[in-house]
>>> print(open('entry15.pdb').read())   # PDB, C-alpha atoms
ATOM      1  CA  MET A 518      33.067 -22.943  -9.817
ATOM      2  CA  ILE A 519      31.151 -22.018 -12.982
ATOM      3  CA  GLU A 520      28.070 -23.408 -11.344
ATOM      4  CA  ARG A 521      28.517 -21.143  -8.349
ATOM      5  CA  ALA A 522      29.157 -18.117 -10.538
ATOM      6  CA  GLU A 523      26.049 -18.894 -12.527
ATOM      7  CA  ARG A 524      24.053 -19.177  -9.344
ATOM      8  CA  ALA A 525      25.343 -15.835  -8.133
ATOM      9  CA  VAL A 526      24.338 -14.223 -11.418
ATOM     10  CA  ARG A 527      20.883 -15.675 -11.024
ATOM     11  CA  GLY A 528      20.694 -14.224  -7.528
ATOM     12  CA  LEU A 529      21.569 -10.800  -8.894
ATOM     13  CA  ALA A 530      19.024 -11.199 -11.682
ATOM     14  CA  THR A 531      16.363 -11.999  -9.105
ATOM     15  CA  GLY A 532      17.267  -8.800  -7.276
ATOM     16  CA  PHE A 533      17.012  -6.958 -10.583
ATOM     17  CA  CYS A 534      13.497  -8.328 -11.122
ATOM     18  CA  PHE A 535      12.433  -7.242  -7.656
ATOM     19  CA  ALA A 536      13.788  -3.754  -8.447
ATOM     20  CA  VAL A 537      11.872  -3.620 -11.747
ATOM     21  CA  PHE A 538       8.719  -4.668  -9.956
ATOM     22  CA  GLY A 539       9.265  -2.085  -7.223
ATOM     23  CA  LEU A 540       9.889   0.758  -9.672
ATOM     24  CA  GLY A 541       6.844  -0.180 -11.727
ATOM     25  CA  GLN A 542       4.784  -0.318  -8.579
ATOM     26  CA  LEU A 543       6.018   3.127  -7.501
ATOM     27  CA  ALA A 544       5.028   4.660 -10.829
ATOM     28  CA  LEU A 545       1.606   3.037 -10.731
ATOM     29  CA  ALA A 546       0.963   3.628  -7.028
ATOM     30  CA  PHE A 547       1.930   7.282  -6.858
ATOM     31  CA  ALA A 548       1.253   8.568 -10.368
ATOM     32  CA  VAL A 549      -0.985   6.471 -12.595
ATOM     33  CA  PHE A 550      -3.624   5.293 -10.115
ATOM     34  CA  PRO A 551      -3.964   8.567  -8.141
ATOM     35  CA  LEU A 552      -4.468  10.353 -11.484
ATOM     36  CA  LEU A 553      -7.104   7.820 -12.464
ATOM     37  CA  MET A 554      -8.858   8.465  -9.152
ATOM     38  CA  LEU A 555      -8.817  12.206  -9.855
ATOM     39  CA  PHE A 556      -9.978  12.205 -13.420
ATOM     40  CA  MET A 557     -12.246   9.194 -13.766
ATOM     41  CA  ARG A 558     -15.352   9.273 -11.659
ATOM     42  CA  ASP A 559     -17.224   6.357 -13.180
ATOM     43  CA  GLU A 560     -16.242   3.475 -10.896
ATOM     44  CA  VAL A 561     -17.018   0.663 -13.320
ATOM     45  CA  ARG A 562     -15.118   2.213 -16.225
ATOM     46  CA  ARG A 563     -12.241   3.212 -13.973
ATOM     47  CA  GLY A 564     -12.065  -0.273 -12.519
ATOM     48  CA  ARG A 565     -11.925  -1.762 -15.993
ATOM     49  CA  LEU A 566      -9.161   0.590 -17.127
ATOM     50  CA  ALA A 567      -7.153   0.080 -13.943
ATOM     51  CA  LYS A 568      -7.445  -3.706 -14.293
ATOM     52  CA  ASN A 569      -6.237  -3.439 -17.882
ATOM     53  CA  ILE A 570      -3.252  -1.396 -16.736
ATOM     54  CA  VAL A 571      -2.408  -3.964 -14.059
ATOM     55  CA  HIS A 572      -2.773  -6.746 -16.653
ATOM     56  CA  LEU A 573      -0.415  -5.025 -19.106
ATOM     57  CA  SER A 574       2.130  -4.288 -16.360
ATOM     58  CA  MET A 575       2.127  -7.933 -15.329
ATOM     59  CA  ARG A 576       2.563  -9.045 -18.935
ATOM     60  CA  ILE A 577       5.608  -6.822 -19.223
ATOM     61  CA  PHE A 578       6.955  -8.079 -15.909
ATOM     62  CA  VAL A 579       6.469 -11.726 -16.903
ATOM     63  CA  LYS A 580       8.386 -10.943 -20.099
ATOM     64  CA  VAL A 581      11.216  -9.415 -18.046
ATOM     65  CA  MET A 582      11.325 -12.453 -15.758
ATOM     66  CA  SER A 583      11.269 -14.957 -18.598
ATOM     67  CA  LEU A 584      14.213 -13.165 -20.199
ATOM     68  CA  THR A 585      16.231 -13.225 -16.986
ATOM     69  CA  ILE A 586      15.359 -15.709 -14.265
ATOM     70  CA  LEU A 587      12.768 -18.277 -15.288
ATOM     71  CA  ASP A 588      11.106 -20.396 -17.934
ATOM     72  CA  PHE A 589       7.416 -20.981 -18.106
ATOM     73  CA  GLU A 590       4.962 -22.929 -20.126
ATOM     74  CA  ALA A 591       1.213 -22.325 -20.258
ATOM     75  CA  ARG A 592      -1.418 -24.613 -21.724
ATOM     76  CA  HIS A 593      -5.019 -23.828 -22.744
ATOM     77  CA  LEU A 594      -4.860 -20.133 -21.957
ATOM     78  CA  GLU A 595      -7.745 -19.680 -24.397
ATOM     79  CA  ARG A 596      -9.971 -21.132 -21.684
ATOM     80  CA  LEU A 597      -9.307 -18.013 -19.620
ATOM     81  CA  ASP A 598     -10.495 -15.729 -22.370
ATOM     82  CA  ARG A 599     -14.152 -15.555 -21.266
ATOM     83  CA  PRO A 600     -15.934 -13.030 -19.057
ATOM     84  CA  GLY A 601     -17.170 -13.771 -15.546
ATOM     85  CA  LEU A 602     -14.890 -16.721 -14.775
ATOM     86  CA  LEU A 603     -14.235 -18.039 -11.307
ATOM     87  CA  VAL A 604     -10.578 -19.049 -11.557
ATOM     88  CA  LEU A 605      -9.205 -21.277  -8.807
ATOM     89  CA  ALA A 606      -5.530 -22.199  -8.581
ATOM     90  CA  ASN A 607      -3.076 -23.818  -6.224
ATOM     91  CA  HIS A 608      -0.503 -21.432  -4.831
ATOM     92  CA  PRO A 609       3.112 -22.663  -4.794
ATOM     93  CA  SER A 610       4.849 -19.318  -5.220
ATOM     94  CA  LEU A 611       4.908 -15.591  -4.667
ATOM     95  CA  ILE A 612       4.478 -14.838  -8.369
ATOM     96  CA  ASP A 613       1.490 -17.095  -9.219
ATOM     97  CA  ILE A 614      -0.790 -14.071  -9.132
ATOM     98  CA  VAL A 615       1.576 -12.134 -11.401
ATOM     99  CA  PHE A 616       1.283 -14.843 -14.061
ATOM    100  CA  LEU A 617      -2.470 -15.282 -13.675
ATOM    101  CA  ILE A 618      -3.144 -11.549 -14.020
ATOM    102  CA  SER A 619      -0.830 -11.450 -17.029
ATOM    103  CA  PHE A 620      -2.996 -14.175 -18.646
ATOM    104  CA  ILE A 621      -6.338 -12.508 -17.848
ATOM    105  CA  ARG A 622      -7.286  -9.059 -19.078
ATOM    106  CA  GLN A 623     -10.076  -8.352 -16.612
ATOM    107  CA  ALA A 624      -8.838 -10.024 -13.460
ATOM    108  CA  ASP A 625     -10.226  -9.313 -10.037
ATOM    109  CA  CYS A 626      -8.814 -10.650  -6.819
ATOM    110  CA  ILE A 627      -9.391 -10.496  -3.105
ATOM    111  CA  VAL A 628      -6.926  -8.333  -1.230
ATOM    112  CA  LYS A 629      -6.149  -8.108   2.452
ATOM    113  CA  ALA A 630      -8.226  -5.275   3.917
ATOM    114  CA  THR A 631      -5.134  -3.781   5.582
ATOM    115  CA  LEU A 632      -3.486  -3.156   2.182
ATOM    116  CA  LEU A 633      -5.846  -0.206   1.905
ATOM    117  CA  ASP A 634      -3.862   1.499   4.663
ATOM    118  CA  ASN A 635      -0.621   0.953   2.780
ATOM    119  CA  PRO A 636       0.200   3.895   0.448
ATOM    120  CA  PHE A 637       1.974   1.535  -1.974
ATOM    121  CA  THR A 638      -1.170  -0.451  -2.629
ATOM    122  CA  ARG A 639      -3.986   1.899  -1.646
ATOM    123  CA  TYR A 640      -4.675   3.625  -4.979
ATOM    124  CA  ALA A 641      -4.344   0.475  -7.049
ATOM    125  CA  ILE A 642      -7.015  -1.147  -4.897
ATOM    126  CA  LEU A 643      -9.270   1.904  -4.966
ATOM    127  CA  ALA A 644      -8.866   2.595  -8.684
ATOM    128  CA  GLY A 645      -9.164  -1.055  -9.665
ATOM    129  CA  GLY A 646     -12.070  -1.668  -7.322
ATOM    130  CA  PHE A 647     -10.398  -4.885  -6.160
ATOM    131  CA  ILE A 648     -12.329  -6.868  -3.582
ATOM    132  CA  ARG A 649     -11.393  -6.201   0.022
ATOM    133  CA  ASN A 650     -11.436  -9.186   2.307
ATOM    134  CA  THR A 651     -14.231  -8.394   4.695
ATOM    135  CA  GLY A 652     -14.556 -12.073   5.570
ATOM    136  CA  GLY A 653     -17.500 -14.452   5.659
ATOM    137  CA  PRO A 654     -20.860 -13.855   3.987
ATOM    138  CA  ALA A 655     -20.159 -10.225   2.963
ATOM    139  CA  LEU A 656     -17.147 -11.427   0.999
ATOM    140  CA  VAL A 657     -19.187 -14.087  -0.805
ATOM    141  CA  GLU A 658     -21.556 -11.313  -1.904
ATOM    142  CA  SER A 659     -18.840  -8.933  -3.133
ATOM    143  CA  CYS A 660     -17.371 -11.786  -5.150
ATOM    144  CA  GLY A 661     -20.769 -12.413  -6.754
ATOM    145  CA  ARG A 662     -21.004  -8.744  -7.753
ATOM    146  CA  SER A 663     -17.552  -8.811  -9.328
ATOM    147  CA  LEU A 664     -18.396 -11.908 -11.387
ATOM    148  CA  ALA A 665     -21.648 -10.287 -12.515
ATOM    149  CA  LEU A 666     -19.616  -7.327 -13.823
ATOM    150  CA  GLY A 667     -17.791  -9.778 -16.094
ATOM    151  CA  ASN A 668     -14.522  -9.853 -14.169
ATOM    152  CA  ALA A 669     -12.552 -13.057 -13.889
ATOM    153  CA  LEU A 670     -12.180 -13.622 -10.185
ATOM    154  CA  ILE A 671      -8.935 -15.330  -9.156
ATOM    155  CA  ILE A 672      -8.915 -17.171  -5.844
ATOM    156  CA  PHE A 673      -6.333 -19.406  -4.202
ATOM    157  CA  PRO A 674      -8.538 -21.729  -2.150
ATOM    158  CA  GLU A 675      -5.633 -22.600   0.146
ATOM    159  CA  GLY A 676      -5.938 -19.058   1.490
ATOM    160  CA  THR A 677      -2.173 -18.577   1.475
ATOM    161  CA  ARG A 678       0.854 -20.053  -0.267
ATOM    162  CA  SER A 679       1.132 -23.848  -0.385
ATOM    163  CA  ASP A 680       3.342 -25.687   2.050
ATOM    164  CA  PRO A 681       6.795 -26.645   0.765
ATOM    165  CA  ASP A 682       5.677 -30.281   0.521
ATOM    166  CA  GLY A 683       2.354 -29.674  -1.151
ATOM    167  CA  LEU A 684      -1.194 -28.442  -1.045
ATOM    168  CA  ARG A 685      -2.516 -26.989   2.205
ATOM    169  CA  GLU A 686      -5.954 -27.733   3.569
ATOM    170  CA  LEU A 687      -8.457 -25.840   1.377
ATOM    171  CA  GLN A 688     -10.693 -23.175   2.890
ATOM    172  CA  ARG A 689     -14.345 -23.473   1.929
ATOM    173  CA  GLY A 690     -14.777 -19.834   0.861
ATOM    174  CA  ALA A 691     -13.999 -20.461  -2.804
ATOM    175  CA  ALA A 692     -16.470 -23.352  -3.027
ATOM    176  CA  ASN A 693     -19.091 -21.250  -1.249
ATOM    177  CA  ILE A 694     -18.634 -18.473  -3.812
ATOM    178  CA  ALA A 695     -19.115 -20.997  -6.618
ATOM    179  CA  VAL A 696     -22.142 -22.664  -5.044
ATOM    180  CA  ARG A 697     -23.934 -19.519  -3.909
ATOM    181  CA  ASN A 698     -23.386 -17.648  -7.164
ATOM    182  CA  ARG A 699     -23.916 -20.755  -9.300
ATOM    183  CA  ARG A 700     -20.632 -20.306 -11.153
ATOM    184  CA  ASP A 701     -18.658 -23.088 -12.743
ATOM    185  CA  ILE A 702     -15.007 -23.237 -11.785
ATOM    186  CA  THR A 703     -12.094 -22.776 -14.171
ATOM    187  CA  PRO A 704      -9.161 -24.540 -12.497
ATOM    188  CA  VAL A 705      -5.539 -23.627 -13.089
ATOM    189  CA  VAL A 706      -2.918 -26.104 -11.942
ATOM    190  CA  ILE A 707       0.427 -24.491 -11.235
ATOM    191  CA  ARG A 708       3.602 -26.554 -11.076
ATOM    192  CA  ALA A 709       6.720 -24.813  -9.911
ATOM    193  CA  ARG A 710      10.156 -26.389 -10.040
ATOM    194  CA  GLU A 711      13.409 -25.157  -8.554
ATOM    195  CA  HIS A 712      11.824 -22.037  -7.274
ATOM    196  CA  ASN A 713      12.690 -20.016  -4.201
ATOM    197  CA  LEU A 714       9.473 -18.071  -3.892
ATOM    198  CA  GLY A 715       7.457 -20.395  -1.702
ATOM    199  CA  ARG A 716       6.408 -20.074   1.897
ATOM    200  CA  HIS A 717       9.415 -19.704   4.204
ATOM    201  CA  SER A 718      11.867 -19.712   1.318
ATOM    202  CA  ARG A 719      14.498 -17.058   0.822
ATOM    203  CA  TRP A 720      14.160 -15.371  -2.560
ATOM    204  CA  TRP A 721      17.698 -13.979  -2.440
ATOM    205  CA  ALA A 722      19.260 -17.426  -2.277
ATOM    206  CA  ALA A 723      19.002 -18.399  -5.927
ATOM    207  CA  PRO A 724      17.964 -22.009  -6.640
ATOM    208  CA  LYS A 725      20.438 -24.482  -8.138
ATOM    209  CA  LYS A 726      18.774 -24.384 -11.529
ATOM    210  CA  ARG A 727      16.810 -21.807 -13.437
ATOM    211  CA  MET A 728      13.264 -21.589 -12.085
ATOM    212  CA  SER A 729      10.552 -23.157 -14.161
ATOM    213  CA  PHE A 730       6.782 -22.831 -13.997
ATOM    214  CA  GLU A 731       3.956 -24.658 -15.691
ATOM    215  CA  PHE A 732       0.379 -23.442 -15.915
ATOM    216  CA  GLU A 733      -2.375 -25.726 -17.059
ATOM    217  CA  VAL A 734      -5.884 -24.362 -17.425
ATOM    218  CA  GLY A 735      -8.308 -27.240 -16.976
ATOM    219  CA  GLU A 736     -11.780 -27.746 -18.352
ATOM    220  CA  ASP A 737     -14.519 -26.089 -16.341
ATOM    221  CA  ILE A 738     -15.747 -27.916 -13.260
ATOM    222  CA  LYS A 739     -19.544 -27.812 -13.447
ATOM    223  CA  ILE A 740     -21.348 -26.748 -10.292
ATOM    224  CA  GLU A 741     -24.814 -28.043 -11.153
ATOM    225  CA  PRO A 742     -24.163 -31.713 -10.222
ATOM    226  CA  PHE A 743     -22.992 -30.690  -6.746
ATOM    227  CA  LEU A 744     -26.123 -28.629  -6.226
ATOM    228  CA  GLU A 745     -28.301 -31.494  -7.413
ATOM    229  CA  ARG A 746     -26.708 -34.057  -5.119
ATOM    230  CA  LYS A 747     -26.715 -31.840  -2.048
ATOM    231  CA  ARG A 748     -29.702 -29.563  -1.765
ATOM    232  CA  GLU A 749     -28.181 -27.478   1.021
ATOM    233  CA  ALA A 750     -25.562 -24.917  -0.065
ATOM    234  CA  PRO A 751     -23.196 -25.570   2.876
ATOM    235  CA  ALA A 752     -23.217 -29.319   2.208
ATOM    236  CA  ALA A 753     -22.608 -28.741  -1.518
ATOM    237  CA  ALA A 754     -19.703 -26.399  -0.674
ATOM    238  CA  ARG A 755     -18.179 -29.092   1.521
ATOM    239  CA  GLU A 756     -18.408 -31.727  -1.187
ATOM    240  CA  LEU A 757     -17.042 -29.341  -3.797
ATOM    241  CA  THR A 758     -14.103 -28.441  -1.538
ATOM    242  CA  GLU A 759     -13.290 -32.137  -1.158
ATOM    243  CA  TYR A 760     -13.459 -32.550  -4.939
ATOM    244  CA  LEU A 761     -11.150 -29.575  -5.477
ATOM    245  CA  LYS A 762      -8.682 -30.902  -2.949
ATOM    246  CA  ASN A 763      -8.408 -34.171  -4.857
ATOM    247  CA  TYR A 764      -8.307 -32.352  -8.194
ATOM    248  CA  PHE A 765      -5.322 -30.207  -7.237
ATOM    249  CA  THR A 766      -3.547 -32.902  -5.230
ATOM    250  CA  GLU A 767      -3.631 -35.415  -8.105
ATOM    251  CA  ARG A 768      -2.378 -32.871 -10.592
ATOM    252  CA  THR A 769       0.399 -31.309  -8.543
ATOM    253  CA  GLN A 770       2.023 -34.495  -7.348
ATOM    254  CA  VAL A 771       3.636 -35.183 -10.713
ATOM    255  CA  TYR A 772       6.995 -33.931  -9.480
ATOM    256  CA  GLY A 773       6.564 -35.233  -6.001
ATOM    257  CA  ARG A 774       5.881 -31.779  -4.654
ATOM    258  CA  ALA A 775       3.602 -28.886  -5.519
TER     259      ALA A 775
ATOM    260  CA  MET B 262     -39.645 -27.758  20.629
ATOM    261  CA  LYS B 263     -40.282 -27.695  24.333
ATOM    262  CA  THR B 264     -37.813 -29.616  26.414
ATOM    263  CA  LYS B 265     -34.070 -29.284  26.050
ATOM    264  CA  GLU B 266     -34.022 -32.782  24.678
ATOM    265  CA  ASP B 267     -36.382 -31.811  21.884
ATOM    266  CA  ILE B 268     -34.239 -28.810  21.108
ATOM    267  CA  TYR B 269     -31.116 -30.960  21.101
ATOM    268  CA  ASN B 270     -32.622 -33.456  18.669
ATOM    269  CA  ASN B 271     -33.665 -30.631  16.415
ATOM    270  CA  VAL B 272     -30.200 -29.096  16.468
ATOM    271  CA  VAL B 273     -28.585 -32.443  15.616
ATOM    272  CA  ASP B 274     -31.013 -32.813  12.734
ATOM    273  CA  ILE B 275     -30.229 -29.326  11.374
ATOM    274  CA  LEU B 276     -26.478 -29.802  11.725
ATOM    275  CA  SER B 277     -26.388 -33.189  10.047
ATOM    276  CA  LYS B 278     -28.621 -32.155   7.147
ATOM    277  CA  THR B 279     -27.238 -28.697   6.472
ATOM    278  CA  PHE B 280     -23.569 -29.532   6.779
ATOM    279  CA  ASP B 281     -23.652 -33.148   5.781
ATOM    280  CA  LEU B 282     -22.224 -34.217   9.120
ATOM    281  CA  ASP B 283     -22.304 -37.692  10.562
ATOM    282  CA  PRO B 284     -24.971 -37.585  13.320
ATOM    283  CA  ALA B 285     -22.721 -39.830  15.432
ATOM    284  CA  ALA B 286     -20.063 -37.106  15.514
ATOM    285  CA  ILE B 287     -22.493 -34.585  16.913
ATOM    286  CA  LYS B 288     -22.344 -34.670  20.704
ATOM    287  CA  PRO B 289     -23.351 -32.025  23.242
ATOM    288  CA  GLU B 290     -19.724 -31.236  24.034
ATOM    289  CA  ALA B 291     -18.570 -31.172  20.393
ATOM    290  CA  ASN B 292     -16.963 -27.849  19.475
ATOM    291  CA  LEU B 293     -18.617 -26.353  16.385
ATOM    292  CA  TYR B 294     -15.463 -24.825  14.969
ATOM    293  CA  THR B 295     -12.788 -27.367  15.815
ATOM    294  CA  ASP B 296     -14.730 -30.656  15.937
ATOM    295  CA  LEU B 297     -17.445 -30.022  13.377
ATOM    296  CA  ASP B 298     -15.486 -27.685  11.096
ATOM    297  CA  ILE B 299     -18.127 -24.958  10.943
ATOM    298  CA  ASP B 300     -16.739 -21.756   9.384
ATOM    299  CA  SER B 301     -18.013 -18.176   9.471
ATOM    300  CA  ILE B 302     -20.210 -18.660   6.402
ATOM    301  CA  ASP B 303     -21.663 -21.875   7.858
ATOM    302  CA  ALA B 304     -22.412 -20.077  11.123
ATOM    303  CA  ILE B 305     -24.689 -17.622   9.336
ATOM    304  CA  ASP B 306     -26.500 -20.478   7.594
ATOM    305  CA  LEU B 307     -26.929 -22.168  10.939
ATOM    306  CA  LEU B 308     -28.448 -18.989  12.393
ATOM    307  CA  VAL B 309     -30.914 -18.768   9.516
ATOM    308  CA  LYS B 310     -31.945 -22.413   9.993
ATOM    309  CA  LEU B 311     -32.433 -21.937  13.716
ATOM    310  CA  GLN B 312     -34.602 -18.921  13.038
ATOM    311  CA  GLN B 313     -36.750 -20.931  10.651
ATOM    312  CA  VAL B 314     -37.271 -23.653  13.217
ATOM    313  CA  THR B 315     -37.808 -21.474  16.284
ATOM    314  CA  GLY B 316     -39.594 -18.647  14.516
ATOM    315  CA  LYS B 317     -37.504 -16.249  16.594
ATOM    316  CA  ARG B 318     -34.712 -13.958  15.521
ATOM    317  CA  MET B 319     -31.420 -14.852  17.069
ATOM    318  CA  GLN B 320     -28.926 -12.012  17.289
ATOM    319  CA  PRO B 321     -25.523 -12.814  15.753
ATOM    320  CA  GLU B 322     -24.064 -11.158  18.860
ATOM    321  CA  ALA B 323     -25.687 -13.734  21.115
ATOM    322  CA  PHE B 324     -24.256 -16.437  18.873
ATOM    323  CA  LYS B 325     -20.675 -15.180  19.210
ATOM    324  CA  SER B 326     -20.209 -16.860  22.593
ATOM    325  CA  VAL B 327     -21.558 -20.153  21.260
ATOM    326  CA  ARG B 328     -18.814 -22.787  21.044
ATOM    327  CA  THR B 329     -20.397 -26.204  21.448
ATOM    328  CA  VAL B 330     -23.560 -27.986  20.401
ATOM    329  CA  GLN B 331     -24.817 -27.675  23.979
ATOM    330  CA  ASP B 332     -24.272 -23.887  23.785
ATOM    331  CA  ILE B 333     -26.663 -23.755  20.822
ATOM    332  CA  VAL B 334     -29.262 -25.749  22.731
ATOM    333  CA  ASP B 335     -28.945 -23.403  25.732
ATOM    334  CA  ALA B 336     -29.148 -20.296  23.526
ATOM    335  CA  VAL B 337     -32.276 -21.578  21.772
ATOM    336  CA  ASP B 338     -33.793 -22.529  25.124
ATOM    337  CA  VAL B 339     -33.239 -18.992  26.463
ATOM    338  CA  LEU B 340     -34.742 -17.578  23.274
ATOM    339  CA  LEU B 341     -37.867 -19.741  23.532
ATOM    340  CA  THR B 342     -38.528 -18.986  27.193
ATOM    341  CA  GLN B 343     -38.106 -15.251  26.736
TER     342      GLN B 343
END
>>> encode(input="entry15.pdb", output="structure tokens")
Amino acid sequence: MIERAERAVRGLATGFCFAVFGLGQLALAFAVFPLLMLFMRDEVRRGRLAKNIVHLSMRIFVKVMSLTILDFEARHLERLDRPGLLVLANHPSLIDIVFLISFIRQADCIVKATLLDNPFTRYAILAGGFIRNTGGPALVESCGRSLALGNALIIFPEGTRSDPDGLRELQRGAANIAVRNRRDITPVVIRAREHNLGRHSRWWAAPKKRMSFEFEVGEDIKIEPFLERKREAPAAARELTEYLKNYFTERTQVYGRA
Amino acid sequence: MKTKEDIYNNVVDILSKTFDLDPAAIKPEANLYTDLDIDSIDAIDLLVKLQQVTGKRMQPEAFKSVRTVQDIVDAVDVLLTQ
């Protein structure tokens, strides 16, 4: 009985968090970012400011969530405190990106091109100069430009959220970005337990226990050895993708599921 | 690069070296995208390599209908006889 009541409370708290997120998004989408667009013409400076605003908002939101619906633990966050990082992570839940942006002050990410047509996301993308997914080689180039500006570029190489039973097949885009821009990779392993924010899960049905997340920033994966072994970029990207697949699989199977 | 056989051998060579593929897996009827796991970024690299070997510019448009290894050979053959 108590258990069920507790679960119901957690369901309500989850709804509360969604509401907080929605209200924050409204304020940013229809006030803060349009104003930035109006009054700041310098794209680079505006992008930096907008990214800082997004970072601070996510920090606040993570605080709200950790007070209400979840626990989290993060190790070696200092490794993320460097400019121009290529950050790759597995993707068990809806809020992975929220955490990652809250850890990184100057985070860039790739957004679906259609989000530009959505008024709720349009001005954040424009003001922040976030990378639009144009696909293929053009995307690899835009990612290189972002890294050169000193942004930390966050990519989920699975391309979408993980499957309920673990890592999905990795796309080769992330490895191609690393190989073609000669950037080492900073891996973040995310372990999510008792969460209801995965693919096909229903966020409103609260899990049995309080959600818990673990973030572990690994040591950089050096790109040079891959380039030395395979002279051709596509071959190096393939080998690197295979390496990443093993890297994330080994480290997420601790609890039997990612 | 004269006969179709020459072209085919060249294509197999490019594919196996550039993408680290097992030459035994490369057959005329092999589908580039499903059998050989070539993605959109790879496809551009493949175009560049083919241009280097043939010395002719291949239009990405012409490459859109290419599905199998044999399709590449045919496309290159058309290009060389033009």
>>> interface_residues(input="entry15.pdb", of="chain A", to="chain B", cutoff="6 Å", atoms="only C-alpha atoms", output="VMD selection string")
chain A and resid 653 to 654 749 751 to 752
>>> residues_around(input="entry15.pdb", residues="B:Thr315", least_positions_apart="3", cutoff="8 Å", atoms="all atoms listed in the file", output="list in words")
Met262, Leu311, Gln312, Val337 and Leu341 of chain B
>>> residues_around(input="entry15.pdb", residues="A:Val579", least_positions_apart="5", cutoff="10 Å", atoms="only C-alpha atoms", output="ChimeraX atom specification")
/A:534,573-574,584-585,587-589,612,615-616,619-620
>>> resolve_selection(input="entry15.pdb", expression="the PyMOL selection byres ((chain B and resi 329) around 9)", output="ChimeraX atom specification")
/B:288-294,327-328,330-334
>>> resolve_selection(input="entry15.pdb", expression="the PyMOL selection byres ((chain B and resi 340) around 9)", output="compact mmCIF listing (two decimals) with C-alpha atoms, keeping the file's coordinate frame")
# COMPACT_ATOMS: atom_id res chain seq x y z
CA THR B 315 -37.81 -21.47 16.28
CA LYS B 317 -37.50 -16.25 16.59
CA ARG B 318 -34.71 -13.96 15.52
CA MET B 319 -31.42 -14.85 17.07
CA ASP B 335 -28.94 -23.40 25.73
CA ALA B 336 -29.15 -20.30 23.53
CA VAL B 337 -32.28 -21.58 21.77
CA ASP B 338 -33.79 -22.53 25.12
CA VAL B 339 -33.24 -18.99 26.46
CA LEU B 341 -37.87 -19.74 23.53
CA THR B 342 -38.53 -18.99 27.19
CA GLN B 343 -38.11 -15.25 26.74
>>> closest_residue(input="entry15.pdb", among="A:Ile618, A:Val549, A:Ile671, A:Ile694", to="A:Ala655", atoms="all atoms listed in the file")
A:Ile694
>>> axis_aligned_box(input="entry15.pdb", around="stretch 302-318 of chain B", padding_each_side="6 Å", output="lines of an AutoDock Vina configuration file")
center_x = -29.9
center_y = -18.8
center_z = 11.5
size_x = 31.4
size_y = 21.7
size_z = 22.2
>>> atom_distance(input="entry15.pdb", atom1="atom CA of B:Asp298", atom2="atom CA of A:Val628")
24.5 Å
>>> residues_around(input="entry15.pdb", residues="stretch 555-569 of chain A", least_positions_apart="5", cutoff="10 Å", atoms="only C-alpha atoms", output="NGL selection string")
:A and (545 or 549-550 or 574-575 or 618-619 or 621-625 or 640-647 or 666-668)
>>> residues_around(input="entry15.pdb", residues="stretch 714-727 of chain A", least_positions_apart="2", cutoff="10 Å", atoms="all atoms listed in the file", output="VMD selection string")
chain A and resid 520 to 521 523 to 532 535 585 to 588 608 to 613 677 to 681 709 to 712 729
>>> atom_distance(input="entry15.pdb", atom1="atom CA of A:Ile702", atom2="atom CA of A:Val604")
6.1 Å
>>> residues_near_point(input="entry15.pdb", point="(-4.4, -30.1, -11.0)", cutoff="9 Å", atoms="all atoms listed in the file", output="PyMOL selection string")
chain A and resi 606-607+704-708+733-735+761+763-770
>>> write_last_selection(input="entry15.pdb", atoms="C-alpha atoms", output="PDB file, keeping the file's coordinate frame")
ATOM      1  CA  ALA A 606      -5.530 -22.199  -8.581  1.00  0.00           C
ATOM      2  CA  ASN A 607      -3.076 -23.818  -6.224  1.00  0.00           C
ATOM      3  CA  PRO A 704      -9.161 -24.540 -12.497  1.00  0.00           C
ATOM      4  CA  VAL A 705      -5.539 -23.627 -13.089  1.00  0.00           C
ATOM      5  CA  VAL A 706      -2.918 -26.104 -11.942  1.00  0.00           C
ATOM      6  CA  ILE A 707       0.427 -24.491 -11.235  1.00  0.00           C
ATOM      7  CA  ARG A 708       3.602 -26.554 -11.076  1.00  0.00           C
ATOM      8  CA  GLU A 733      -2.375 -25.726 -17.059  1.00  0.00           C
ATOM      9  CA  VAL A 734      -5.884 -24.362 -17.425  1.00  0.00           C
ATOM     10  CA  GLY A 735      -8.308 -27.240 -16.976  1.00  0.00           C
ATOM     11  CA  LEU A 761     -11.150 -29.575  -5.477  1.00  0.00           C
ATOM     12  CA  ASN A 763      -8.408 -34.171  -4.857  1.00  0.00           C
ATOM     13  CA  TYR A 764      -8.307 -32.352  -8.194  1.00  0.00           C
ATOM     14  CA  PHE A 765      -5.322 -30.207  -7.237  1.00  0.00           C
ATOM     15  CA  THR A 766      -3.547 -32.902  -5.230  1.00  0.00           C
ATOM     16  CA  GLU A 767      -3.631 -35.415  -8.105  1.00  0.00           C
ATOM     17  CA  ARG A 768      -2.378 -32.871 -10.592  1.00  0.00           C
ATOM     18  CA  THR A 769       0.399 -31.309  -8.543  1.00  0.00           C
ATOM     19  CA  GLN A 770       2.023 -34.495  -7.348  1.00  0.00           C
TER      20      GLN A 770
END
>>> atom_distance(input="entry15.pdb", atom1="atom CA of A:Arg700", atom2="atom CA of A:Arg649")
20.2 Å
>>> closest_residue(input="entry15.pdb", among="A:Ala691, A:Ile738, A:Ala522, A:Met554", to="A:Pro674", atoms="all atoms listed in the file")
A:Ala691
>>> resolve_selection(input="entry15.pdb", expression="the PyMOL selection byres ((chain A and resi 744) around 10)", output="VMD selection string")
chain A and resid 696 to 697 699 739 to 743 745 to 750 752 to 754 756 to 757
